[in-house]
Amino acid sequence: MEPKGYELIPFSAVIPAVPELPDGEVDVQQLQARGELSVTGLRTEPCTLNGAQREAQEMLADCRHRVSVGQYHALIELLDANPEFIRDAWVRETYLALAKSNLLRRRRGRIEGKRRFHPLIVVGLVHHLIANGTVATPEKAFYALHDLDLLKYDTAKDLYYRGRQQDRFRPILLEFPEFKQYLSREEGDALLRRVHLLQPHEQITYRGQAAEFGEVEFVIKSD
């Protein structure tokens with residue numbers, strides 16, 4: 001059955017990335033003195049759009065429930081996890097309503113994750129130490145970071161597993177149905193002809209120029 005037309009719903013996908021470091025030893029002095037880390041690129045974990053959309057919906061549903069029972073700090077924690085959620089209409093409206101009522105407050109205590117190193121940076125450091133043969137396992141990498149005087153063993157382990165397990169470091173996809181458009185069959189078919197559907201184990205590479213970084217390469221792989 002041929003479609004009479006198409007619905008076009010804009011969306012935004014946010015996929016956290018782990019930094020990839022240059023070959024060789026970590027520049028400990030640069031990292032300690034200036035808090036800077038040289039990277040050659042960023043690598044995202046395998047994901048699907050359906051999985052990213054499901055993750056976002058679950059996080060939003062959990063936040064809605066918590067706000068409905070008076071846990072207003074849940075909205076701030078959702079935005080701490082991923083500021084991209086401010087693009088959701090319910091989040092914006094609820095944020096403004098709670099702010100006007102003076103109910104938009106953080107939960108008491110330390111802000112989770114407020115430390116010297118971002119968890120995904122630690123993941124990148126651990127991967128680098130394993131890739132260059134310095135250590136064989138994440139556990140030994142935690143000791144190596146301790147010996148380099150970058151992080152204590154317990155802190156390195158805690159941040160590494162935060163970056164690997166917490167939902168705030170998982171891909172999300174947000175749809176914006178309020179901007180939905182309707183396309184004719186001809187317009188939709190023309191748009192679909194421009195889409196390339198990756199086949200299993202296929203890889204596509206795009207190259208271009210970025211104002212801040214110069215020449216960049218963007219690689220998309222399918223499992």
# chains A, B, ... in the order shown; residues from 1 in each chain; ligands from 1
>>> residues_around(residues="range 158-168 of chain A", least_positions_apart="5", cutoff="6 Å", atoms="only C-alpha atoms", output="list of chain:residue names")
A:Ala81, A:Pro119, A:Leu120, A:Val122, A:Val123
>>> select_by_dssp(residues="chain A", states="alpha helix (DSSP H)", output="ChimeraX atom specification")
/A:28-34,49-68,73-81,89-100,119-131,138-147,153-165,185-192
>>> closest_residue(among="A:Leu197, A:Ala141, A:Cys63, A:Leu104", to="Phe85 in chain A", atoms="only C-alpha atoms")
A:Cys63
>>> residues_around(residues="Leu150 in chain A", least_positions_apart="3", cutoff="10 Å", atoms="only C-alpha atoms", output="PyMOL selection string")
chain A and resi 28-29+31-32+116-117+142+144-147+153+155-156
>>> select_by_dssp(residues="range 81-217 of chain A", states="strand (DSSP E)", output="list in words")
Ile172, Leu173, Leu174, Glu175, Gln181, Tyr182, Leu183, Ser184, Gln203, Ile204, Thr205, Tyr206, Arg207, Gly208, Gln209, Ala210, Gly214, Glu215, Val216 and Glu217 of chain A
>>> residues_around(residues="Gly24 in chain A", least_positions_apart="6", cutoff="12 Å", atoms="only C-alpha atoms", output="number ranges by chain")
A: 38-39, 125, 128-134
>>> closest_residue(among="A:Leu183, A:Leu75, A:Leu174, A:Ala17", to="Leu49 in chain A", atoms="only C-alpha atoms")
A:Leu174
>>> residues_around(residues="Gly5 in chain A", least_positions_apart="2", cutoff="6 Å", atoms="only C-alpha atoms", output="JSON, numbers by chain")
{"A": [3, 183, 184, 185]}
>>> residues_around(residues="Pro171 in chain A", least_positions_apart="6", cutoff="10 Å", atoms="only C-alpha atoms", output="MDAnalysis selection string")
chainID A and resid 13:17 44:49 51:56 82
>>> atom_distance(atom1="CA of His201 in chain A", atom2="CA of Glu58 in chain A")
29.4 Å
>>> closest_residue(among="A:Leu96, A:Val67, A:Val126, A:Leu8", to="Leu21 in chain A", atoms="only C-alpha atoms")
A:Val126
>>> closest_residue(among="A:Thr137, A:His196, A:Ile172, A:Asn50", to="Pro83 in chain A", atoms="only C-alpha atoms")
A:Ile172
>>> residues_around(residues="Tyr206 in chain A", least_positions_apart="2", cutoff="12 Å", atoms="only C-alpha atoms", output="list in words")
Gln203, Ile204, Gly208, Gln209, Glu215, Val216, Glu217, Phe218, Val219, Ile220 and Lys221 of chain A
